[in-house]
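Student: You'll find start-v3.cif just under this line, and it carries mmCIF, C-alpha atoms, pLDDT in the B column; chains and numbers go by the auth columns.
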data_start
loop_
_atom_site.group_PDB
_atom_site.id
_atom_site.type_symbol
_atom_site.label_atom_id
_atom_site.label_comp_id
_atom_site.label_asym_id
_atom_site.label_seq_id
_atom_site.Cartn_x
_atom_site.Cartn_y
_atom_site.Cartn_z
_atom_site.B_iso_or_equiv
_atom_site.auth_seq_id
_atom_site.auth_asym_id
ATOM 1 C CA VAL A 1 0.000 0.000 0.000 73.00 1 U
ATOM 2 C CA TRP A 2 1.300 3.412 -0.989 79.00 2 U
ATOM 3 C CA LEU A 3 0.038 6.860 0.049 79.00 3 U
ATOM 4 C CA SER A 4 0.316 10.106 -1.903 83.00 4 U
ATOM 5 C CA PRO A 5 -0.625 13.621 -0.817 82.00 5 U
ATOM 6 C CA ASP A 6 -0.510 14.947 -4.413 89.00 6 U
ATOM 7 C CA GLY A 7 -0.600 11.974 -6.831 87.00 7 U
ATOM 8 C CA ARG A 8 3.051 12.514 -7.825 92.00 8 U
ATOM 9 C CA SER A 9 5.131 11.520 -4.807 92.00 9 U
ATOM 10 C CA TRP A 10 4.328 8.234 -3.064 89.00 10 U
ATOM 11 C CA ILE A 11 5.188 6.853 0.373 82.00 11 U
ATOM 12 C CA PRO A 12 5.024 3.108 1.113 80.00 12 U
ATOM 13 C CA VAL A 13 2.908 2.198 4.126 70.00 13 U
ATOM 14 C CA ALA A 14 2.715 -1.551 3.435 58.00 14 U
ATOM 15 C CA ASP A 15 5.325 -2.214 6.095 62.00 15 U
ATOM 16 C CA SER A 16 2.654 -1.371 8.653 72.00 16 U
ATOM 17 C CA PRO A 17 2.189 -4.294 11.102 78.00 17 U
ATOM 18 C CA ALA A 18 -1.438 -4.524 9.967 81.00 18 U
ATOM 19 C CA PHE A 19 -0.176 -5.678 6.542 84.00 19 U
ATOM 20 C CA ALA A 20 2.189 -8.383 7.822 84.00 20 U
ATOM 21 C CA ARG A 21 1.972 -11.431 5.523 88.00 21 U
ATOM 22 C CA ALA A 22 -0.748 -9.674 3.506 91.00 22 U
ATOM 23 C CA ARG A 23 -1.684 -9.387 -0.155 91.00 23 U
ATOM 24 C CA PRO A 24 -3.698 -6.208 -0.740 91.00 24 U
ATOM 25 C CA GLN A 25 -5.683 -6.437 -3.995 92.00 25 U
ATOM 26 C CA ALA A 26 -7.955 -3.374 -4.221 94.00 26 U
ATOM 27 C CA ALA A 27 -8.592 -0.068 -2.458 93.00 27 U
ATOM 28 C CA ALA A 28 -11.427 2.456 -2.290 94.00 28 U
ATOM 29 C CA ALA A 29 -12.136 5.655 -0.426 90.00 29 U
ATOM 30 C CA ALA A 30 -15.325 7.382 0.578 77.00 30 U
ATOM 31 C CA GLY A 31 -15.634 10.300 2.911 78.00 31 U
ATOM 32 C CA ASP A 32 -13.163 10.012 5.756 85.00 32 U
ATOM 33 C CA ARG A 33 -12.213 6.351 5.332 89.00 33 U
ATOM 34 C CA ILE A 34 -9.997 4.206 3.138 92.00 34 U
ATOM 35 C CA VAL A 35 -10.639 0.493 2.777 94.00 35 U
ATOM 36 C CA VAL A 36 -8.333 -2.137 1.300 94.00 36 U
ATOM 37 C CA ALA A 37 -9.455 -5.660 0.369 95.00 37 U
ATOM 38 C CA GLY A 38 -7.258 -8.704 -0.141 94.00 38 U
ATOM 39 C CA SER A 39 -5.919 -11.610 1.859 92.00 39 U
ATOM 40 C CA ARG A 40 -3.382 -12.475 4.497 92.00 40 U
ATOM 41 C CA VAL A 41 -1.635 -15.671 5.532 91.00 41 U
ATOM 42 C CA ASP A 42 -2.404 -17.050 8.984 87.00 42 U
ATOM 43 C CA ALA A 43 0.053 -18.758 11.348 87.00 43 U
ATOM 44 C CA LEU A 44 -0.562 -22.112 9.637 90.00 44 U
ATOM 45 C CA GLY A 45 0.181 -20.661 6.197 89.00 45 U
ATOM 46 C CA ASP A 46 -3.443 -20.658 5.043 87.00 46 U
ATOM 47 C CA PRO A 47 -4.859 -17.654 3.158 88.00 47 U
ATOM 48 C CA ILE A 48 -7.726 -15.729 4.746 88.00 48 U
ATOM 49 C CA ALA A 49 -9.813 -12.949 3.190 91.00 49 U
ATOM 50 C CA ALA A 50 -9.241 -9.657 4.975 94.00 50 U
ATOM 51 C CA THR A 51 -10.070 -5.967 4.876 95.00 51 U
ATOM 52 C CA TRP A 52 -8.084 -3.066 6.271 94.00 52 U
ATOM 53 C CA LEU A 53 -9.649 0.237 7.316 94.00 53 U
ATOM 54 C CA SER A 54 -7.885 3.557 7.786 92.00 54 U
ATOM 55 C CA PRO A 55 -8.933 7.117 8.552 91.00 55 U
ATOM 56 C CA ASP A 56 -5.645 8.548 7.227 86.00 56 U
ATOM 57 C CA GLY A 57 -3.744 5.958 5.147 84.00 57 U
ATOM 58 C CA VAL A 58 -1.145 5.564 7.893 82.00 58 U
ATOM 59 C CA SER A 59 -2.873 3.697 10.746 87.00 59 U
ATOM 60 C CA TRP A 60 -4.790 0.547 9.742 89.00 60 U
ATOM 61 C CA THR A 61 -7.194 -1.893 11.410 91.00 61 U
ATOM 62 C CA ARG A 62 -7.545 -5.383 9.917 92.00 62 U
ATOM 63 C CA THR A 63 -10.735 -7.488 9.906 93.00 63 U
ATOM 64 C CA ASP A 64 -10.646 -11.135 8.778 92.00 64 U
ATOM 65 C CA LEU A 65 -13.617 -12.437 6.785 89.00 65 U
ATOM 66 C CA PRO A 66 -14.175 -16.195 7.084 77.00 66 U
ATOM 67 C CA GLY A 67 -15.232 -18.419 4.220 72.00 67 U
ATOM 68 C CA SER A 68 -12.875 -17.144 1.546 78.00 68 U
ATOM 69 C CA THR A 69 -9.210 -17.257 0.744 81.00 69 U
ATOM 70 C CA GLY A 70 -9.125 -13.758 -0.679 86.00 70 U
ATOM 71 C CA LEU A 71 -10.894 -10.671 -1.925 92.00 71 U
ATOM 72 C CA LEU A 72 -10.350 -9.118 -5.328 92.00 72 U
ATOM 73 C CA ALA A 73 -12.581 -6.031 -5.324 95.00 73 U
ATOM 74 C CA VAL A 74 -13.907 -3.232 -3.137 96.00 74 U
ATOM 75 C CA ALA A 75 -16.239 -0.265 -3.645 96.00 75 U
ATOM 76 C CA ALA A 76 -17.284 2.385 -1.148 94.00 76 U
ATOM 77 C CA SER A 77 -20.083 4.906 -1.062 92.00 77 U
ATOM 78 C CA PRO A 78 -20.610 7.371 1.788 90.00 78 U
ATOM 79 C CA SER A 79 -22.944 4.868 3.497 91.00 79 U
ATOM 80 C CA ARG A 80 -21.775 1.393 2.413 94.00 80 U
ATOM 81 C CA ILE A 81 -18.636 -0.615 1.657 95.00 81 U
ATOM 82 C CA VAL A 82 -18.844 -3.792 -0.438 96.00 82 U
ATOM 83 C CA VAL A 83 -16.034 -6.343 -0.928 96.00 83 U
ATOM 84 C CA ALA A 84 -16.023 -9.489 -3.078 93.00 84 U
ATOM 85 C CA GLY A 85 -13.793 -12.201 -4.483 83.00 85 U
ATOM 86 C CA SER A 86 -13.727 -15.732 -5.772 76.00 86 U
ATOM 87 C CA PRO A 87 -15.278 -18.870 -4.295 70.00 87 U
ATOM 88 C CA ARG A 88 -12.929 -20.857 -2.132 61.00 88 U
ATOM 89 C CA ALA A 89 -11.673 -24.155 -3.469 60.00 89 U
ATOM 90 C CA GLY A 90 -13.795 -27.058 -2.295 56.00 90 U
ATOM 91 C CA ALA A 91 -16.697 -24.850 -1.243 54.00 91 U
ATOM 92 C CA ALA A 92 -19.691 -26.746 0.079 54.00 92 U
ATOM 93 C CA PRO A 93 -22.672 -27.159 -2.269 54.00 93 U
ATOM 94 C CA ASP A 94 -24.701 -24.786 -0.082 55.00 94 U
ATOM 95 C CA ASP A 95 -21.987 -22.099 -0.504 54.00 95 U
ATOM 96 C CA PRO A 96 -21.791 -21.906 -4.297 60.00 96 U
ATOM 97 C CA GLY A 97 -21.196 -18.257 -5.054 67.00 97 U
ATOM 98 C CA ALA A 98 -18.484 -15.677 -4.869 75.00 98 U
ATOM 99 C CA PRO A 99 -17.991 -14.346 -1.365 84.00 99 U
ATOM 100 C CA ILE A 100 -19.470 -10.888 -1.026 91.00 100 U
ATOM 101 C CA TRP A 101 -19.817 -8.795 2.121 93.00 101 U
ATOM 102 C CA ALA A 102 -21.238 -5.370 2.974 96.00 102 U
ATOM 103 C CA SER A 103 -20.498 -2.996 5.822 95.00 103 U
ATOM 104 C CA SER A 104 -21.703 0.416 6.909 93.00 104 U
ATOM 105 C CA ASP A 105 -18.601 1.137 8.985 91.00 105 U
ATOM 106 C CA GLY A 106 -15.771 -1.076 7.628 90.00 106 U
ATOM 107 C CA SER A 107 -15.461 -2.918 10.942 90.00 107 U
ATOM 108 C CA HIS A 108 -18.616 -5.037 11.064 93.00 108 U
ATOM 109 C CA TRP A 109 -19.352 -7.124 7.957 94.00 109 U
ATOM 110 C CA LEU A 110 -22.485 -8.924 6.762 93.00 110 U
ATOM 111 C CA ARG A 111 -21.972 -11.888 4.428 91.00 111 U
ATOM 112 C CA LEU A 112 -24.466 -11.481 1.600 91.00 112 U
ATOM 113 C CA ASP A 113 -26.456 -14.121 -0.257 86.00 113 U
ATOM 114 C CA PRO A 114 -24.026 -15.717 -2.764 83.00 114 U
ATOM 115 C CA ALA A 115 -26.828 -17.078 -5.011 85.00 115 U
ATOM 116 C CA PRO A 116 -26.727 -14.241 -7.589 89.00 116 U
ATOM 117 C CA PHE A 117 -22.991 -14.978 -7.978 87.00 117 U
ATOM 118 C CA ALA A 118 -23.305 -18.790 -8.251 83.00 118 U
ATOM 119 C CA GLY A 119 -20.054 -20.244 -9.588 81.00 119 U
ATOM 120 C CA ALA A 120 -18.681 -16.775 -10.334 85.00 120 U
ATOM 121 C CA THR A 121 -15.599 -14.781 -9.478 86.00 121 U
ATOM 122 C CA VAL A 122 -16.124 -11.055 -8.857 90.00 122 U
ATOM 123 C CA THR A 123 -13.116 -9.125 -10.173 90.00 123 U
ATOM 124 C CA GLY A 124 -14.338 -5.541 -9.919 93.00 124 U
ATOM 125 C CA LEU A 125 -16.750 -3.361 -7.957 95.00 125 U
ATOM 126 C CA THR A 126 -17.655 0.281 -8.343 94.00 126 U
ATOM 127 C CA VAL A 127 -20.240 2.800 -7.252 94.00 127 U
ATOM 128 C CA GLY A 128 -22.196 4.191 -10.166 87.00 128 U
ATOM 129 C CA GLY A 129 -25.634 5.191 -11.296 79.00 129 U
ATOM 130 C CA PRO A 130 -28.044 4.682 -8.459 87.00 130 U
ATOM 131 C CA GLY A 131 -26.000 2.017 -6.644 94.00 131 U
ATOM 132 C CA PHE A 132 -23.229 -0.551 -7.030 96.00 132 U
ATOM 133 C CA ILE A 133 -21.963 -2.464 -10.062 93.00 133 U
ATOM 134 C CA ALA A 134 -19.953 -5.707 -9.930 93.00 134 U
ATOM 135 C CA VAL A 135 -18.166 -7.383 -12.836 90.00 135 U
ATOM 136 C CA GLY A 136 -16.558 -10.783 -13.134 88.00 136 U
ATOM 137 C CA TYR A 137 -16.944 -14.132 -14.818 85.00 137 U
ATOM 138 C CA ASP A 138 -18.157 -17.704 -14.492 80.00 138 U
ATOM 139 C CA ASP A 139 -17.911 -20.772 -16.725 77.00 139 U
ATOM 140 C CA ARG A 140 -20.199 -19.114 -19.335 78.00 140 U
ATOM 141 C CA GLY A 141 -18.112 -15.960 -19.639 81.00 141 U
ATOM 142 C CA GLY A 142 -18.169 -12.405 -18.364 86.00 142 U
ATOM 143 C CA ALA A 143 -20.941 -11.130 -16.114 87.00 143 U
ATOM 144 C CA VAL A 144 -22.338 -7.902 -14.676 89.00 144 U
ATOM 145 C CA TRP A 145 -24.400 -7.570 -11.486 92.00 145 U
ATOM 146 C CA THR A 146 -26.101 -4.501 -10.041 93.00 146 U
ATOM 147 C CA SER A 147 -27.433 -3.477 -6.642 96.00 147 U
ATOM 148 C CA LEU A 148 -29.230 -0.343 -5.526 95.00 148 U
ATOM 149 C CA ASP A 149 -28.110 -0.703 -1.911 96.00 149 U
ATOM 150 C CA GLY A 150 -25.025 -2.968 -1.984 95.00 150 U
ATOM 151 C CA ILE A 151 -27.049 -5.702 -0.243 96.00 151 U
ATOM 152 C CA ALA A 152 -29.496 -7.223 -2.778 95.00 152 U
ATOM 153 C CA TRP A 153 -27.823 -8.136 -6.092 94.00 153 U
ATOM 154 C CA SER A 154 -29.059 -9.333 -9.477 92.00 154 U
ATOM 155 C CA ARG A 155 -27.254 -10.469 -12.596 88.00 155 U
ATOM 156 C CA ASP A 156 -27.939 -8.096 -15.469 84.00 156 U
ATOM 157 C CA GLY A 157 -27.895 -8.186 -19.223 70.00 157 U
ATOM 158 C CA ASP A 158 -27.890 -10.884 -21.846 64.00 158 U
ATOM 159 C CA PRO A 159 -25.698 -13.782 -20.678 61.00 159 U
ATOM 160 C CA THR A 160 -24.206 -14.036 -24.184 60.00 160 U
ATOM 161 C CA THR A 161 -22.955 -10.423 -24.211 63.00 161 U
ATOM 162 C CA PHE A 162 -19.601 -11.427 -22.743 60.00 162 U
ATOM 163 C CA ASP A 163 -19.753 -15.050 -23.928 60.00 163 U
ATOM 164 C CA GLN A 164 -16.443 -16.847 -23.282 59.00 164 U
ATOM 165 C CA ALA A 165 -14.875 -13.638 -21.916 58.00 165 U
ATOM 166 C CA ARG A 166 -13.564 -12.531 -18.564 60.00 166 U
ATOM 167 C CA VAL A 167 -14.631 -9.106 -17.376 64.00 167 U
ATOM 168 C CA MET A 168 -11.977 -7.701 -15.071 56.00 168 U
#
Let me see the file written as structure tokens.

Tutor:
Amino acid sequence: VWLSPDGRSWIPVADSPAFARARPQAAAAAGDRIVVAGSRVDALGDPIAATWLSPDGVSWTRTDLPGSTGLLAVAASPSRIVVAGSPRAGAAPDDPGAPIWASSDGSHWLRLDPAPFAGATVTGLTVGGPGFIAVGYDDRGGAVWTSLDGIAWSRDGDPTTFDQARVM
């Protein structure tokens, strides 16, 4: 993780203890908070999905999210943060979709219904239009999902639009 006051000079902050054995993948900012999504390695060497929250880009608080080995995307609005990734290897049949969580404060996370993301990997999230947009792919190709509130999601568009493609 790097921090810049002007977009030209950058200062590394990844050596913060909060990022020990971590793999940050995506970052977003909204209002007075910065959130990073990715993974870390636990004491046994296993990857765990994690988020990091900061008010200033210097001090960070980590939160582990069970049920996934890593997060690939994050989006933040003034009232909601959403993070998502890929299904964990060997996921149970009742846990078929990409892991996706929402939070209003970046510290307390709600695991959302994975059904709209069945068999998919979410590679990108953004805030746009009247809500959130997620992109990714499954075995049919690229996919787009939308949500007005970051909680309830639906797959949008013609499934053949991104046939045999990966939307990143």

Student: With all atoms listed in the file as the basis for distance, which of U:Leu44, U:Val82, U:Leu110, U:Ala26 is at the shortest distance from Val1 of chain U?

Tutor: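 Closest to Val1 of chain U of all the choices is U:Ala26.
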
Student: Report as a PyMOL selection string the full result of the PyMOL selection byres ((chain U and resi 13) around 10) when it is applied to this structure.

Tutor: chain U and resi 1-3+10-12+14-19+57-60

Student: Rank U:Gly38, U:Ile133, U:Pro116, U:Ala84 by their smallest atom-to-atom distance to Arg155 of chain U, using all atoms listed in the file, and report the top residue only.

Tutor: U:Pro116

Student: For the atom pair atom CA of Pro99 of chain U and atom CA of Asp64 of chain U, what is the interatomic distance in Å to one decimal place?

Tutor: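 A separation of 12.9 Å between them.
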
Student: For the atom pair atom CA of Ile81 of chain U and atom CA of Ser104 of chain U, what is the interatomic distance in Å to one decimal place?

Tutor: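 One can read the atom CA of Ile81 of chain U to atom CA of Ser104 of chain U distance as 6.2 Å.
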
Student: Measure the distance from atom CA of Ile34 of chain U to atom CA of Ser54 of chain U in Å and round it to one decimal.

Tutor: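 Rounded to one decimal, the two atoms are 5.1 Å apart.
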
Student: Run the PyMOL selection byres ((chain U and resi 24) around 9) mentally over the shown coordinates, then write out the matched residues as an NGL selection string, using the chain letters and numbers from the document.

Tutor: :U and (1 or 14 or 19 or 22-23 or 25-27 or 36-40 or 50-52 or 71-72)

Student: Apply the PyMOL selection byres ((chain U and resi 135) around 10) to the structure shown and report the selected residues as a PyMOL selection string.

Tutor: chain U and resi 73+120-126+133-134+136-137+142-146+155+166-168

Student: Counting all atoms listed in the file, which of U:Gly106, U:Gly128, U:Pro5, U:Gly150 gets nearest to Arg62 of chain U?

Tutor: U:Gly106

Student: Can you tell me which residues surround Arg111 of chain U at a distance of at most 8 Å, considering only C-alpha atoms, apart from same-chain residues fewer than 2 positions away, and format the answer as a VMD selection string?

Tutor: chain U and resid 99 to 102 109 113

Student: Could you give me, as a tab-separated table (two decimals) with C-alpha atoms, in the frame of the given file, the residues within 8 Å of segment 31-33 of chain U, counting all atoms listed in the file and dropping anything in the same chain fewer than 3 positions from it?

Tutor:
chain	number	residue	atom	x	y	z
U	53	LEU	CA	-9.65	0.24	7.32
U	54	SER	CA	-7.88	3.56	7.79
U	55	PRO	CA	-8.93	7.12	8.55
U	56	ASP	CA	-5.64	8.55	7.23
U	78	PRO	CA	-20.61	7.37	1.79

Student: From the list U:Gly85, U:Ser9, U:Arg80, U:His108, which residue is nearest Leu148 of chain U when using only C-alpha atoms?

Tutor: U:Arg80

Student: Just checking: using all atoms listed in the file, which residue out of U:Thr61, U:Ser147, U:Gly157, U:Pro66 ends up closest to Phe132 of chain U?

Tutor: U:Ser147

Student: Quick one: 5 Å padding each side, axis-aligned, all listed atoms of segment 82-88 of chain U - centre and edge lengths in Å to one decimal, as JSON?

Tutor:
{"center_x": -15.9, "center_y": -12.3, "center_z": -3.1, "size_x": 15.9, "size_y": 27.1, "size_z": 15.3}
